[in-house]
Amino acid sequence: MRGWPKVSRKPPQRDPIRAQARKSTAQRRVGSDARCDCGEIRPEALIAGRTLTICAQCSRKQKGHCQLDEHHPAGKANHAMTVSIPVNDHRAELSPAQHDWPKKTLGNPHGSPLRRAAACIRGFIDTLYNLIKRLLGWIPECLEAVDEKLTNMFGIDWWTKLGLERFAPTS
């Protein structure tokens, strides 16, 4: 029996060369060291042609506009359902992910139910990766930082001193 497949931190790209070309084009539009005051550095999320670099989310916030976009996970041609996504993630992650799909799947020019199903699955995977990253991605680093603090405060077996033995790994 084979082991579990490795899960990448990012969804696989169909064409990494085209993806890098799109990212490079976006980077050229905003400048090499462009950064919004909020810390956003993804070039697709930054607005080109501004004197001061600003991301789409901060720009909308300044104008009092909604900072969410309605994303079509399966693409408009395949399903009308939308999900509310932060504008920067929509621009920098989910829309570019759809550019990596086969054109016939995203556009589905003949209305194929199989292409529609493929788009629904691709969209679900892309959106799930985004949600995992946004909702859970910060937790490992946080847990590791707290472990370092507890180790410094109570020693290498801090959990035994705090009555948390039941959470320790078992052999």
# chains A, B, ... in the order shown; residues from 1 in each chain; ligands from 1
>>> select_by_dssp(residues="chain A", states="alpha helix (DSSP H)", output="VMD selection string")
chain A and resid 16 to 30 56 to 63 87 to 89 95 to 99 103 to 107 113 to 136 139 to 154 158 to 161
>>> residues_around(residues="Asp15 (chain A)", least_positions_apart="2", cutoff="12 Å", atoms="only C-alpha atoms", output="PyMOL selection string")
chain A and resi 11-13+17-22+96-102
>>> write_last_selection(atoms="N, CA, C and O atoms", output="PDB file, in the first residue's frame")
ATOM      1  N   PRO A  11      -1.758  25.237  -4.522  1.00  0.00           N
ATOM      2  CA  PRO A  11      -2.318  24.334  -5.531  1.00  0.00           C
ATOM      3  C   PRO A  11      -1.364  24.237  -6.720  1.00  0.00           C
ATOM      4  O   PRO A  11      -0.619  25.174  -6.993  1.00  0.00           O
ATOM      5  N   PRO A  12      -1.361  23.108  -7.400  1.00  0.00           N
ATOM      6  CA  PRO A  12      -0.453  22.952  -8.531  1.00  0.00           C
ATOM      7  C   PRO A  12      -0.808  23.906  -9.671  1.00  0.00           C
ATOM      8  O   PRO A  12      -1.976  24.187  -9.926  1.00  0.00           O
ATOM      9  N   GLN A  13       0.221  24.421 -10.321  1.00  0.00           N
ATOM     10  CA  GLN A  13       0.000  25.278 -11.482  1.00  0.00           C
ATOM     11  C   GLN A  13       0.094  24.418 -12.735  1.00  0.00           C
ATOM     12  O   GLN A  13       0.987  23.594 -12.855  1.00  0.00           O
ATOM     13  N   ILE A  17       5.278  28.615 -16.229  1.00  0.00           N
ATOM     14  CA  ILE A  17       5.940  29.664 -17.023  1.00  0.00           C
ATOM     15  C   ILE A  17       4.961  30.801 -17.314  1.00  0.00           C
ATOM     16  O   ILE A  17       5.290  31.973 -17.139  1.00  0.00           O
ATOM     17  N   ARG A  18       3.736  30.456 -17.737  1.00  0.00           N
ATOM     18  CA  ARG A  18       2.733  31.503 -17.973  1.00  0.00           C
ATOM     19  C   ARG A  18       2.358  32.216 -16.682  1.00  0.00           C
ATOM     20  O   ARG A  18       2.167  33.430 -16.664  1.00  0.00           O
ATOM     21  N   ALA A  19       2.267  31.475 -15.583  1.00  0.00           N
ATOM     22  CA  ALA A  19       1.936  32.078 -14.292  1.00  0.00           C
ATOM     23  C   ALA A  19       3.018  33.077 -13.885  1.00  0.00           C
ATOM     24  O   ALA A  19       2.716  34.182 -13.426  1.00  0.00           O
ATOM     25  N   GLN A  20       4.287  32.710 -14.061  1.00  0.00           N
ATOM     26  CA  GLN A  20       5.383  33.613 -13.722  1.00  0.00           C
ATOM     27  C   GLN A  20       5.389  34.833 -14.646  1.00  0.00           C
ATOM     28  O   GLN A  20       5.662  35.945 -14.199  1.00  0.00           O
ATOM     29  N   ALA A  21       5.069  34.635 -15.916  1.00  0.00           N
ATOM     30  CA  ALA A  21       5.009  35.760 -16.857  1.00  0.00           C
ATOM     31  C   ALA A  21       3.923  36.751 -16.427  1.00  0.00           C
ATOM     32  O   ALA A  21       4.136  37.974 -16.460  1.00  0.00           O
ATOM     33  N   ARG A  22       2.758  36.239 -16.003  1.00  0.00           N
ATOM     34  CA  ARG A  22       1.687  37.127 -15.537  1.00  0.00           C
ATOM     35  C   ARG A  22       2.116  37.886 -14.288  1.00  0.00           C
ATOM     36  O   ARG A  22       1.879  39.087 -14.154  1.00  0.00           O
ATOM     37  N   PRO A  96      -5.992  34.569 -10.752  1.00  0.00           N
ATOM     38  CA  PRO A  96      -4.823  33.973 -11.421  1.00  0.00           C
ATOM     39  C   PRO A  96      -4.876  32.445 -11.456  1.00  0.00           C
ATOM     40  O   PRO A  96      -4.432  31.835 -12.428  1.00  0.00           O
ATOM     41  N   ALA A  97      -5.419  31.826 -10.420  1.00  0.00           N
ATOM     42  CA  ALA A  97      -5.538  30.365 -10.420  1.00  0.00           C
ATOM     43  C   ALA A  97      -6.418  29.916 -11.585  1.00  0.00           C
ATOM     44  O   ALA A  97      -6.121  28.923 -12.258  1.00  0.00           O
ATOM     45  N   GLN A  98      -7.494  30.659 -11.849  1.00  0.00           N
ATOM     46  CA  GLN A  98      -8.364  30.296 -12.965  1.00  0.00           C
ATOM     47  C   GLN A  98      -7.667  30.473 -14.316  1.00  0.00           C
ATOM     48  O   GLN A  98      -7.966  29.753 -15.258  1.00  0.00           O
ATOM     49  N   HIS A  99      -6.713  31.391 -14.392  1.00  0.00           N
ATOM     50  CA  HIS A  99      -5.948  31.554 -15.641  1.00  0.00           C
ATOM     51  C   HIS A  99      -5.103  30.323 -15.943  1.00  0.00           C
ATOM     52  O   HIS A  99      -4.690  30.122 -17.082  1.00  0.00           O
ATOM     53  N   ASP A 100      -4.832  29.502 -14.921  1.00  0.00           N
ATOM     54  CA  ASP A 100      -4.068  28.273 -15.119  1.00  0.00           C
ATOM     55  C   ASP A 100      -4.944  27.108 -15.586  1.00  0.00           C
ATOM     56  O   ASP A 100      -4.429  26.060 -15.936  1.00  0.00           O
ATOM     57  N   TRP A 101      -6.256  27.284 -15.564  1.00  0.00           N
ATOM     58  CA  TRP A 101      -7.151  26.225 -16.027  1.00  0.00           C
ATOM     59  C   TRP A 101      -7.096  26.142 -17.550  1.00  0.00           C
ATOM     60  O   TRP A 101      -6.794  27.121 -18.227  1.00  0.00           O
ATOM     61  N   PRO A 102      -7.469  24.986 -18.097  1.00  0.00           N
ATOM     62  CA  PRO A 102      -7.625  24.921 -19.558  1.00  0.00           C
ATOM     63  C   PRO A 102      -8.687  25.939 -20.011  1.00  0.00           C
ATOM     64  O   PRO A 102      -9.734  26.077 -19.360  1.00  0.00           O
TER      65      PRO A 102
END
>>> residues_around(residues="Asn78 (chain A)", least_positions_apart="4", cutoff="9 Å", atoms="only C-alpha atoms", output="list in words")
His72, Ala74, Thr105, Leu106, Gly107, Asn108, Gly111, Ser112, Pro113, Arg115, Arg116, Ala117, Ala119 and Cys120 of chain A
>>> atom_distance(atom1="CA of Ser59 (chain A)", atom2="CA of Leu46 (chain A)")
9.4 Å
>>> select_by_dssp(residues="region 48-154 of chain A", states="strand (DSSP E)", output="list in words")
Leu68, Asp69, Glu70, His71, Val83, Ser84, Ile85 and Pro86 of chain A
>>> residues_around(residues="region 82-84 of chain A", least_positions_apart="3", cutoff="6 Å", atoms="only C-alpha atoms", output="list in words")
Leu68, Asp69, Glu70, His71 and His72 of chain A
>>> residues_around(residues="Leu150 (chain A)", least_positions_apart="6", cutoff="10 Å", atoms="only C-alpha atoms", output="ChimeraX atom specification")
/A:144,156-159,162
>>> residues_around(residues="Gln67 (chain A)", least_positions_apart="2", cutoff="12 Å", atoms="only C-alpha atoms", output="MDAnalysis selection string")
chainID A and resid 55:65 69:70 84:91
>>> atom_distance(atom1="CA of Arg122 (chain A)", atom2="CA of Gly75 (chain A)")
9.8 Å
>>> residues_around(residues="Gln27 (chain A)", least_positions_apart="5", cutoff="10 Å", atoms="only C-alpha atoms", output="ChimeraX atom specification")
/A:21-22,32-34,41-44,46,48
>>> write_last_selection(atoms="N, CA, C and O atoms", output="PDB file, in the first residue's frame")
ATOM      1  N   ALA A  21       5.069  34.635 -15.916  1.00  0.00           N
ATOM      2  CA  ALA A  21       5.009  35.760 -16.857  1.00  0.00           C
ATOM      3  C   ALA A  21       3.923  36.751 -16.427  1.00  0.00           C
ATOM      4  O   ALA A  21       4.136  37.974 -16.460  1.00  0.00           O
ATOM      5  N   ARG A  22       2.758  36.239 -16.003  1.00  0.00           N
ATOM      6  CA  ARG A  22       1.687  37.127 -15.537  1.00  0.00           C
ATOM      7  C   ARG A  22       2.116  37.886 -14.288  1.00  0.00           C
ATOM      8  O   ARG A  22       1.879  39.087 -14.154  1.00  0.00           O
ATOM      9  N   SER A  32       9.209  47.370  -8.639  1.00  0.00           N
ATOM     10  CA  SER A  32       9.861  46.194  -8.046  1.00  0.00           C
ATOM     11  C   SER A  32       9.719  46.095  -6.527  1.00  0.00           C
ATOM     12  O   SER A  32       9.611  45.004  -5.997  1.00  0.00           O
ATOM     13  N   ASP A  33       9.732  47.200  -5.821  1.00  0.00           N
ATOM     14  CA  ASP A  33       9.639  47.144  -4.360  1.00  0.00           C
ATOM     15  C   ASP A  33       8.309  47.672  -3.843  1.00  0.00           C
ATOM     16  O   ASP A  33       8.228  48.163  -2.717  1.00  0.00           O
ATOM     17  N   ALA A  34       7.279  47.569  -4.658  1.00  0.00           N
ATOM     18  CA  ALA A  34       5.977  48.135  -4.298  1.00  0.00           C
ATOM     19  C   ALA A  34       5.390  47.424  -3.089  1.00  0.00           C
ATOM     20  O   ALA A  34       5.447  46.204  -2.971  1.00  0.00           O
ATOM     21  N   ILE A  41       2.039  42.998  -0.575  1.00  0.00           N
ATOM     22  CA  ILE A  41       3.097  43.086  -1.577  1.00  0.00           C
ATOM     23  C   ILE A  41       2.778  42.333  -2.868  1.00  0.00           C
ATOM     24  O   ILE A  41       3.513  42.448  -3.844  1.00  0.00           O
ATOM     25  N   ARG A  42       1.693  41.566  -2.888  1.00  0.00           N
ATOM     26  CA  ARG A  42       1.367  40.808  -4.101  1.00  0.00           C
ATOM     27  C   ARG A  42       1.038  41.793  -5.212  1.00  0.00           C
ATOM     28  O   ARG A  42       0.110  42.605  -5.078  1.00  0.00           O
ATOM     29  N   PRO A  43       1.792  41.765  -6.304  1.00  0.00           N
ATOM     30  CA  PRO A  43       1.615  42.783  -7.347  1.00  0.00           C
ATOM     31  C   PRO A  43       0.219  42.809  -7.966  1.00  0.00           C
ATOM     32  O   PRO A  43      -0.272  43.874  -8.340  1.00  0.00           O
ATOM     33  N   GLU A  44      -0.443  41.652  -8.021  1.00  0.00           N
ATOM     34  CA  GLU A  44      -1.787  41.620  -8.602  1.00  0.00           C
ATOM     35  C   GLU A  44      -2.795  42.364  -7.737  1.00  0.00           C
ATOM     36  O   GLU A  44      -3.824  42.809  -8.232  1.00  0.00           O
ATOM     37  N   LEU A  46      -1.980  45.100  -5.921  1.00  0.00           N
ATOM     38  CA  LEU A  46      -1.616  46.513  -5.861  1.00  0.00           C
ATOM     39  C   LEU A  46      -2.144  47.248  -7.088  1.00  0.00           C
ATOM     40  O   LEU A  46      -2.224  46.683  -8.172  1.00  0.00           O
ATOM     41  N   ALA A  48      -1.809  49.835  -9.986  1.00  0.00           N
ATOM     42  CA  ALA A  48      -0.755  50.471 -10.782  1.00  0.00           C
ATOM     43  C   ALA A  48      -1.101  51.927 -11.077  1.00  0.00           C
ATOM     44  O   ALA A  48      -2.266  52.319 -11.055  1.00  0.00           O
TER      45      ALA A  48
END
>>> atom_distance(atom1="CA of Leu131 (chain A)", atom2="CA of Glu93 (chain A)")
11.2 Å
>>> decode(residues="region 114-128 of chain A", atoms="all heavy atoms", output="mmCIF file, in the first residue's frame")
data_model
loop_
_atom_site.group_PDB
_atom_site.id
_atom_site.type_symbol
_atom_site.label_atom_id
_atom_site.label_comp_id
_atom_site.auth_asym_id
_atom_site.auth_seq_id
_atom_site.Cartn_x
_atom_site.Cartn_y
_atom_site.Cartn_z
ATOM 1 N N LEU A 114 -19.402 18.054 -18.679
ATOM 2 C CA LEU A 114 -18.158 17.538 -18.113
ATOM 3 C C LEU A 114 -17.180 18.673 -17.816
ATOM 4 O O LEU A 114 -16.508 18.678 -16.779
ATOM 5 C CB LEU A 114 -17.520 16.509 -19.040
ATOM 6 C CG LEU A 114 -18.322 15.213 -19.216
ATOM 7 C CD1 LEU A 114 -17.627 14.280 -20.190
ATOM 8 C CD2 LEU A 114 -18.534 14.532 -17.868
ATOM 9 N N ARG A 115 -17.110 19.664 -18.733
ATOM 10 C CA ARG A 115 -16.256 20.839 -18.474
ATOM 11 C C ARG A 115 -16.811 21.615 -17.274
ATOM 12 O O ARG A 115 -16.059 22.131 -16.451
ATOM 13 C CB ARG A 115 -16.186 21.746 -19.697
ATOM 14 C CG ARG A 115 -15.461 21.162 -20.876
ATOM 15 C CD ARG A 115 -13.978 21.154 -20.672
ATOM 16 N NE ARG A 115 -13.314 20.538 -21.813
ATOM 17 C CZ ARG A 115 -12.030 20.613 -22.038
ATOM 18 N NH1 ARG A 115 -11.235 21.252 -21.202
ATOM 19 N NH2 ARG A 115 -11.502 20.017 -23.082
ATOM 20 N N ARG A 116 -18.131 21.695 -17.177
ATOM 21 C CA ARG A 116 -18.750 22.377 -16.037
ATOM 22 C C ARG A 116 -18.371 21.676 -14.730
ATOM 23 O O ARG A 116 -17.996 22.317 -13.743
ATOM 24 C CB ARG A 116 -20.266 22.408 -16.201
ATOM 25 C CG ARG A 116 -20.972 23.083 -15.047
ATOM 26 C CD ARG A 116 -22.484 23.116 -15.283
ATOM 27 N NE ARG A 116 -23.100 23.992 -14.300
ATOM 28 C CZ ARG A 116 -24.070 23.622 -13.477
ATOM 29 N NH1 ARG A 116 -24.554 22.397 -13.532
ATOM 30 N NH2 ARG A 116 -24.573 24.464 -12.619
ATOM 31 N N ALA A 117 -18.451 20.348 -14.728
ATOM 32 C CA ALA A 117 -18.092 19.583 -13.537
ATOM 33 C C ALA A 117 -16.606 19.773 -13.202
ATOM 34 O O ALA A 117 -16.241 19.958 -12.037
ATOM 35 C CB ALA A 117 -18.414 18.101 -13.735
ATOM 36 N N ALA A 118 -15.753 19.751 -14.230
ATOM 37 C CA ALA A 118 -14.319 19.968 -14.004
ATOM 38 C C ALA A 118 -14.072 21.352 -13.405
ATOM 39 O O ALA A 118 -13.270 21.509 -12.482
ATOM 40 C CB ALA A 118 -13.546 19.814 -15.317
ATOM 41 N N ALA A 119 -14.789 22.357 -13.904
ATOM 42 C CA ALA A 119 -14.636 23.725 -13.388
ATOM 43 C C ALA A 119 -15.106 23.812 -11.934
ATOM 44 O O ALA A 119 -14.474 24.494 -11.115
ATOM 45 C CB ALA A 119 -15.412 24.704 -14.260
ATOM 46 N N CYS A 120 -16.195 23.137 -11.625
ATOM 47 C CA CYS A 120 -16.681 23.143 -10.238
ATOM 48 C C CYS A 120 -15.649 22.530 -9.297
ATOM 49 O O CYS A 120 -15.389 23.063 -8.211
ATOM 50 C CB CYS A 120 -18.016 22.402 -10.132
ATOM 51 S SG CYS A 120 -19.400 23.304 -10.874
ATOM 52 N N ILE A 121 -15.043 21.433 -9.719
ATOM 53 C CA ILE A 121 -14.026 20.793 -8.882
ATOM 54 C C ILE A 121 -12.789 21.681 -8.776
ATOM 55 O O ILE A 121 -12.268 21.906 -7.674
ATOM 56 C CB ILE A 121 -13.667 19.395 -9.421
ATOM 57 C CG1 ILE A 121 -14.853 18.457 -9.233
ATOM 58 C CG2 ILE A 121 -12.414 18.847 -8.737
ATOM 59 C CD1 ILE A 121 -14.720 17.126 -9.937
ATOM 60 N N ARG A 122 -12.316 22.213 -9.906
ATOM 61 C CA ARG A 122 -11.146 23.103 -9.872
ATOM 62 C C ARG A 122 -11.411 24.317 -8.988
ATOM 63 O O ARG A 122 -10.559 24.719 -8.192
ATOM 64 C CB ARG A 122 -10.770 23.551 -11.277
ATOM 65 C CG ARG A 122 -10.151 22.480 -12.126
ATOM 66 C CD ARG A 122 -9.794 23.043 -13.516
ATOM 67 N NE ARG A 122 -9.263 22.029 -14.382
ATOM 68 C CZ ARG A 122 -8.001 21.603 -14.357
ATOM 69 N NH1 ARG A 122 -7.158 22.109 -13.486
ATOM 70 N NH2 ARG A 122 -7.594 20.667 -15.185
ATOM 71 N N GLY A 123 -12.584 24.908 -9.128
ATOM 72 C CA GLY A 123 -12.925 26.089 -8.345
ATOM 73 C C GLY A 123 -13.020 25.789 -6.865
ATOM 74 O O GLY A 123 -12.587 26.582 -6.024
ATOM 75 N N PHE A 124 -13.573 24.646 -6.538
ATOM 76 C CA PHE A 124 -13.670 24.239 -5.141
ATOM 77 C C PHE A 124 -12.269 24.064 -4.555
ATOM 78 O O PHE A 124 -11.980 24.542 -3.450
ATOM 79 C CB PHE A 124 -14.471 22.938 -5.012
ATOM 80 C CG PHE A 124 -14.556 22.435 -3.598
ATOM 81 C CD1 PHE A 124 -15.420 23.027 -2.688
ATOM 82 C CD2 PHE A 124 -13.759 21.383 -3.171
ATOM 83 C CE1 PHE A 124 -15.493 22.575 -1.370
ATOM 84 C CE2 PHE A 124 -13.825 20.923 -1.860
ATOM 85 C CZ PHE A 124 -14.695 21.520 -0.958
ATOM 86 N N ILE A 125 -11.386 23.393 -5.280
ATOM 87 C CA ILE A 125 -10.016 23.177 -4.808
ATOM 88 C C ILE A 125 -9.300 24.511 -4.609
ATOM 89 O O ILE A 125 -8.687 24.747 -3.561
ATOM 90 C CB ILE A 125 -9.240 22.258 -5.778
ATOM 91 C CG1 ILE A 125 -9.798 20.834 -5.722
ATOM 92 C CG2 ILE A 125 -7.741 22.282 -5.478
ATOM 93 C CD1 ILE A 125 -9.290 19.920 -6.826
ATOM 94 N N ASP A 126 -9.380 25.403 -5.596
ATOM 95 C CA ASP A 126 -8.714 26.708 -5.482
ATOM 96 C C ASP A 126 -9.255 27.502 -4.300
ATOM 97 O O ASP A 126 -8.493 28.100 -3.527
ATOM 98 C CB ASP A 126 -8.898 27.524 -6.767
ATOM 99 C CG ASP A 126 -8.152 26.958 -7.962
ATOM 100 O OD1 ASP A 126 -7.243 26.134 -7.771
ATOM 101 O OD2 ASP A 126 -8.492 27.361 -9.100
ATOM 102 N N THR A 127 -10.566 27.509 -4.141
ATOM 103 C CA THR A 127 -11.189 28.268 -3.054
ATOM 104 C C THR A 127 -10.855 27.640 -1.706
ATOM 105 O O THR A 127 -10.577 28.342 -0.734
ATOM 106 C CB THR A 127 -12.715 28.352 -3.266
ATOM 107 O OG1 THR A 127 -12.969 28.912 -4.557
ATOM 108 C CG2 THR A 127 -13.373 29.212 -2.212
ATOM 109 N N LEU A 128 -10.844 26.310 -1.647
ATOM 110 C CA LEU A 128 -10.498 25.623 -0.414
ATOM 111 C C LEU A 128 -9.059 25.914 -0.004
ATOM 112 O O LEU A 128 -8.777 26.185 1.167
ATOM 113 C CB LEU A 128 -10.728 24.121 -0.554
ATOM 114 C CG LEU A 128 -10.549 23.287 0.713
ATOM 115 C CD1 LEU A 128 -11.505 23.754 1.808
ATOM 116 C CD2 LEU A 128 -10.771 21.818 0.410
#
